[in-house]
Amino acid sequence: MDHNGSPRICSPEKACQRVLKLMTCALPRVFGLYVLMAFSQVSCNSSSSPPKVNYVSPPQDSPKESKSDSTAAAQSLPETSSVIPRPSRPDDWFEDVTDRSGIKFTYRNGRESEKYTLLESVGGGVALLDFDCDGDLDIFATGGGTIGGNPVATAGLPPAFYRNDGAWKFVDVTTEVGLAKAMDYSIGCSCSDFNRDGFPDLLVTGYPRCRLYQNTGRGGFEEVSTQVGLGFEGLHTASAWPDVNEDGWPDLFVAGYVTFDLKEGRKCGDDLRKIKDICGIWQYPSAPDRLFLNRQGKCFEEISQQAGIRTDGKGLGVVATDLNDDGHIDIYVANDFTTNHLYLGKGDATFREVGLISGVASDEFGVPQGSMGVDIGDYDGDGRGDIFVTNYQLEDNILYRNQGDESFQVRTGPAGLRDTCRPYVGFGTGWVDFDSDGWLDLFVLNGHVMYHTGHSPYEQPSFLYRNDAGKRFENLTDRGGPYFSVPHVARGAAVGDLDGDGADDMVIVHQNAPVTILRNKLTPKHWICIELRGTKSEPYACGAVVTIEYQGRKLVRQLKSGAGYLSQFDRRILFPMENDEPISCDVRWLDGRHEQFTNLQPQKTNLLIEGEAGK
Amino acid sequence: MTNTSESLSTEPIPASRSVARLIVWIAAILITAGIVVVFVILLQPSSEQQLAQALLMEASDPHQALNLLDSSIHASRGNPVKAQLVRCRVLLLLRRPDEAVASFQRIDRPGDEPEELLRLAHAANVAKSFSFAQRLFEVTGSAALSNPVALREWIDVVYQQEDRSETIRLCREYGKLVPGEAFPWLVSASIHHENNSGSLAIEDYREALRCKLPEAEAARVRYQLVALLMERGDIPEARQHCDILLKASVDANSNELVALINAELMFREGHFEESMEIIERLLKSNPNSTVALMIRGFLHFEAGKFSAAIEDLQTVVQKDPYNQRAHYKLGQALQKTQQPDAAAIHFRRSEELIGLSSEIMVARNLLANQPGDRTLRQRLAELNERRGDFREAARWRQMINRP
């Protein structure tokens with residue numbers, strides 16, 4: 001408020017006096033938000049006392065061995081929660097079905113090497129995709145990696161791929177689908193049908209390389225990164241597949257995080273407490289985001305510069321859809337420590353970056369936040385996509401309400417989303433109608449990035465908010481179930497209907513702790529699932545808008561690519577229904593054309609193909 | 001017999017007797033001289049007496065005291081640590097700090113006299129030989145750490161030496177030694193606040209408020225805490241403290257400031273009408289308050305009255321061109337009224353001011369690892385100047401040439 005700055009002091013006695021005199025001179029400034037990560041650097045190139053290295057060799061052949069290795073290592077880590085979850089209750093929204101699902105997998109960040117690299121803070125992601133087109137969702141989770149050796153290097157750990165056999169039985173088919181071979185140090189994932197063959201393909205981001213796996217259509221994947229020109233290097237995190245030049249082929253946007261040299265051996269910590277830890281993000285320069293044009297599924301051509309993609313962000317979250325309803329794909333990038341970017345597409349693979357002027361670059365006072373996860377959804381029923389971003393500790397997560405004129409208003413406080421998550425570091429998030437009332441609810445997963453030196457614990461609680469008719473969000477964490485009763489170090493999460501009951505379930509990835517599967521217990525009585533397939537548009541119809549009537553109001557859902565944190569949600573849309581009568585819905589495809597699809601059948605997935613309404 | 005005596009008196013003295021007499025005389029002289037010497041020796045002040053005398057004279061006649069101390073050290077049979085330490089102190093009194101430091105370096109086991117060492121450290125602090133004083137306190141170690149007066153002075157010394165992390169460490173020690181005293185918490189809070197380490201400052205202000213403080217002082221500390229909490233966006237806790245402040249009426253000026261901060265809190269809480277009421281009242285009594293104008297600008301913006309917001313915020317940025325928040329909201333208001341070029345100017349300024357804060361933070365953290373780097377101090381002075389924090393800029397300028 002008073003911008004004379006903090007009064008200065010010349011002795012500790014005067015320091016006291018300064019405080020006591022403050023009524024006349026000191027009022028808050030708004031610049032202190034990044035200092036939380038300002039831990040003094042304790043050693044650079046510390047060759048004099050090399051840290052203990054427990055280099056875990058990445059298993060090359062047997063994913064099962066790798067899992068047992070990683071599980072053993074995870075058990076030795078001090079951060080494993082010792083808090084016992086509360087017993088489940090009948091009114092819980094979620095049931096933890098991890099044990100009975102047969103899914104036993106842990107994302108490993110390489111912490112055991114005690115290298116304290118920035119890489120360890122990022123975490124992993126999960127994708128829900130129907131890889132074999134049998135109608136149910138299979139699960140892919142990134143594996144992370146190990147860090148060690150001299151000079152320091154990373155090695156990837158194998159991911160996990162589970163086939164959904166129904167009735168909450170998942171079978172580990174990592175080897176069978178050809179993904180057992182260790183990748184690079186893997187981080188995030190996303191899906192698209194980049195070659196338009198009808199089968200979902202898989203992109204895995206990481207360090208130093210990202211890898212594209214083409215679905216062979218014969219129950220497996222083949223890596224094609226180099227063949228299609230995706231041999232770029234760096235630390236890349238989130239990704240999305242928007243069709244930016246509107247040629248019907250999904251293009252690829254990959255968020256770059258920071259530029260860093262693993263060999264540098266940078267460590268930070270707290271001098272007073274003599275603790276080593278991961279260095280603050282501010283110490284690293286930004287890595288550029290990358291946009292690649294998909295040349296008819298044969299190769300990708302980087303067009304970042306021509307497209308107007310900025311190079312000054314530290315990207316962790318990406319979501320793409322048509323935010324201003326102009327018929328062109330827009331891309332929102334959640335950046336850590338730097339301003340968030342909103343690229344409004346022009347349809348010709350070029351963009352206007354309007355984050356600052358549209359009010360979505362920072363908090364309501366223009367101060368950039370440490371943003372991680374992001375999602376877009378119409379929370380207030382006005383038909384426009386609103387943005388929700390999870391942020392670093394002591395920063396509120398932010399709800400940006402879309403005002404329809406390419407501007408957004410921060411509504412965090414009025415929506416009741418201020419304060420509850422403030423002490424925590426937010427990652428995975430998403431707009432999901434968990435209770436099938438037609439209003440999009442929210443989940444926020446937390447977990448610190450610093451092992452010791454954060455101002456809140458490494459393991460942190462997750463939150464669940466119920467949308468109260470688009471006006472306010474009610475903190476319903478207590479009814480989330482046992483999972484929500486204990487802290488975790490959560491990162492990516494994906495949402496989709498894993499058991500085909502019309503209610504969205506969740507898969508959550510943690511740092512060095514097993515993946516959790518949460519079954520949504522709020523099975524709706526009547527529901528409908530809609531899957532779009534673009535013909536003129538790209539196959540997953542990113543940017544299309546589906547509208548149905550429900551209880552006298554219109555439920556509008558945007559099809560998006562990216563979203564959440566490092567993960568791929570199910571791209572199908574679930575709607576609640578009033579009864580079992582067939583319904584119709586309106587689809588506005590990306591180019592603005594509307595199609596009315598009628599006679600849609602309840603309690604099942606309806607495939608709506610572009611241009612085939614009424615056929 | 002008579003004859004004999006006559007013969008004795010008349011006969012010449014034999015040589016042997018003369019020698020004997022001479023010997024007696026010499027012996028007598030020697031004895032007398034010896035006695036004199038012994039007396040002289042006995043009457044001369046001892047090393048301890050000289051030291052005691054020097055102590056008595058150090059303030060009135062430091063030169064004489066120095067001579068006595070030299071004699072004392074010279075005369076001392078054992079390790080004259082105390083005299084040597086006092087000598088250092090007298091040298092400081094005589095404004096010869098370099099000699100004092102050199103003299104101190106020659107002392108064997110200075111820690112044998114902890115009390116004297118503390119006095120010397122005090123003298124070094126008074127003489128503004130802060131690095132020497134810091135060294136002395138460090139040598140004193142536990143003696144200083146267990147003595148509240150000395151520890152407080154040590155804190156003063158390390159603070160003067162700009163050693164902020166050591167100041168905080170010592171403040172923690174002081175807090176343990178004298179629990180319930182607000183002094184160490186206020187010092188460390190102030191350092192954290194200065195370093196933009198808001199959350200740490202908040203913790204320390206909270207601790208200070210747990211200590212006994214006079215009501216008016218507690219109100220001021222609480223005010224600081226509210227301001228910081230609001231700056232950090234912790235609205236619920238800021239509200240709690242603000243409500244306490246609203247009940248505690250300190251003085252008119254303070255009440256106005258509390259009302260101002262209450263208005264901003266109301267705004268942040270979404271109570272726009274209540275906030276506007278307070279602001280309008282404050283602006284009646286003080287129409288030039290930039291803070292009140294800024295909040296009113298924000299309130300107009302929230303109400304969609306963009307022209308009114310622009311008017312208020314333009315006044316604010318004219319009066320305070322370094323007000324980042326006002327620039328940002330003004331940019332937004334101008335954008336809303338289809339003035340993108342004008343908006344861009346204020347958005348840029350807002351970004352520039354935020355960028356400067358980030359750069360300052362980075363430079364300060366680099367400086368923490370390279371405390372002797374004068375280029376970084378110069379940079380901090382420049383960055384603070386560009387951000388409009390001229391007091392901080394001046395502080396860094398003063399420090400550029402310090403070792």
# chains A, B, ... in the order shown; residues from 1 in each chain; ligands from 1
>>> select_by_dssp(residues="segment 209-334 of chain B", states="helix (DSSP H, G or I)", output="count of residues only")
102
>>> residues_around(residues="His328 of chain A", least_positions_apart="3", cutoff="7 Å", atoms="only C-alpha atoms", output="PyMOL selection string")
chain A and resi 322+345-347+590
>>> closest_residue(among="A:Asn475, A:Thr117, A:Gln409, A:Ser304", to="chain B", atoms="only C-alpha atoms")
A:Gln409
>>> residues_around(residues="Ala123 of chain B", least_positions_apart="6", cutoff="12 Å", atoms="only C-alpha atoms", output="list in words")
Leu85, Val86, Arg87, Cys88, Arg89, Val90, Leu91, Leu92, Leu93, Leu94, Arg95, Pro97, Ala100, Glu116, Leu117, Ser129, Phe130, Phe132, Ala133, Gln134, Leu136, Phe137, Ala150, Glu153, Trp154 and Val157 of chain B
>>> closest_residue(among="A:Leu532, A:Leu394, A:Ile275, A:Val444", to="Met230 of chain B", atoms="only C-alpha atoms")
A:Leu394
>>> interface_residues(of="chain B", to="chain A", cutoff="6 Å", atoms="only C-alpha atoms", output="ChimeraX atom specification")
/B:156,186-187,190,196-197,217,220,227-228,231,291,325,328,389
>>> residues_around(residues="His594 of chain A", least_positions_apart="6", cutoff="12 Å", atoms="only C-alpha atoms", output="short mmCIF file (atom, residue, chain, number, x, y, z; two decimals) with C-alpha atoms, in the first residue's frame")
data_model
loop_
_atom_site.label_atom_id
_atom_site.label_comp_id
_atom_site.auth_asym_id
_atom_site.auth_seq_id
_atom_site.Cartn_x
_atom_site.Cartn_y
_atom_site.Cartn_z
CA GLY A 327 -13.64 -21.20 -33.62
CA ALA A 544 -15.58 -28.76 -29.74
CA VAL A 545 -18.38 -27.96 -27.31
CA VAL A 546 -21.11 -30.39 -26.28
CA THR A 547 -24.38 -29.10 -24.83
CA CYS A 585 -27.34 -32.99 -27.78
CA ASP A 586 -25.77 -30.13 -29.63
CA VAL A 587 -22.18 -30.32 -30.76
CA ARG A 588 -20.41 -27.19 -31.90
CA GLU A 610 -18.49 -35.21 -37.11
CA GLY A 611 -20.78 -34.69 -40.06
CA GLU A 612 -22.88 -37.75 -39.32
CA ALA A 613 -25.70 -36.28 -37.26
#
>>> residues_around(residues="Asn401 of chain B", least_positions_apart="4", cutoff="10 Å", atoms="only C-alpha atoms", output="list in words")
Gly372, Asp373, Arg374, Thr375, Arg377, Gln378, Trp396 and Arg397 of chain B
>>> residues_around(residues="Arg152 of chain B", least_positions_apart="5", cutoff="12 Å", atoms="only C-alpha atoms", output="PyMOL selection string")
(chain A and resi 11-13) or (chain B and resi 118+122+125+137+144-147+157-159+167-168+170-175+177-178+181+183-184+187)
>>> write_last_selection(atoms="C-alpha atoms", output="compact mmCIF listing (two decimals), in the first residue's frame")
# COMPACT_ATOMS: atom_id res chain seq x y z
CA SER A 11 20.75 -1.55 14.71
CA PRO A 12 18.71 -4.35 16.16
CA GLU A 13 17.38 -1.99 18.79
CA LEU B 118 33.36 -9.24 27.32
CA HIS B 122 31.93 -3.89 24.61
CA ASN B 125 31.58 -2.09 19.91
CA PHE B 137 32.39 -12.26 21.19
CA ALA B 144 28.51 -14.26 26.03
CA LEU B 145 25.78 -16.72 25.20
CA SER B 146 24.89 -17.06 28.89
CA ASN B 147 24.95 -13.35 29.64
CA VAL B 157 27.55 -6.17 16.65
CA VAL B 158 26.70 -8.88 14.15
CA TYR B 159 23.80 -6.79 12.95
CA THR B 167 22.00 -12.16 13.91
CA ILE B 168 19.03 -14.46 13.59
CA LEU B 170 21.90 -15.18 18.11
CA CYS B 171 18.36 -13.91 18.40
CA ARG B 172 17.24 -17.50 18.73
CA GLU B 173 19.85 -17.99 21.49
CA TYR B 174 18.61 -14.85 23.21
CA GLY B 175 15.07 -16.10 22.96
CA LEU B 177 18.11 -17.36 27.37
CA VAL B 178 15.45 -14.77 28.11
CA GLU B 181 11.17 -10.98 25.77
CA PHE B 183 13.36 -8.05 21.48
CA PRO B 184 14.91 -11.03 19.62
CA VAL B 187 14.86 -8.09 15.41
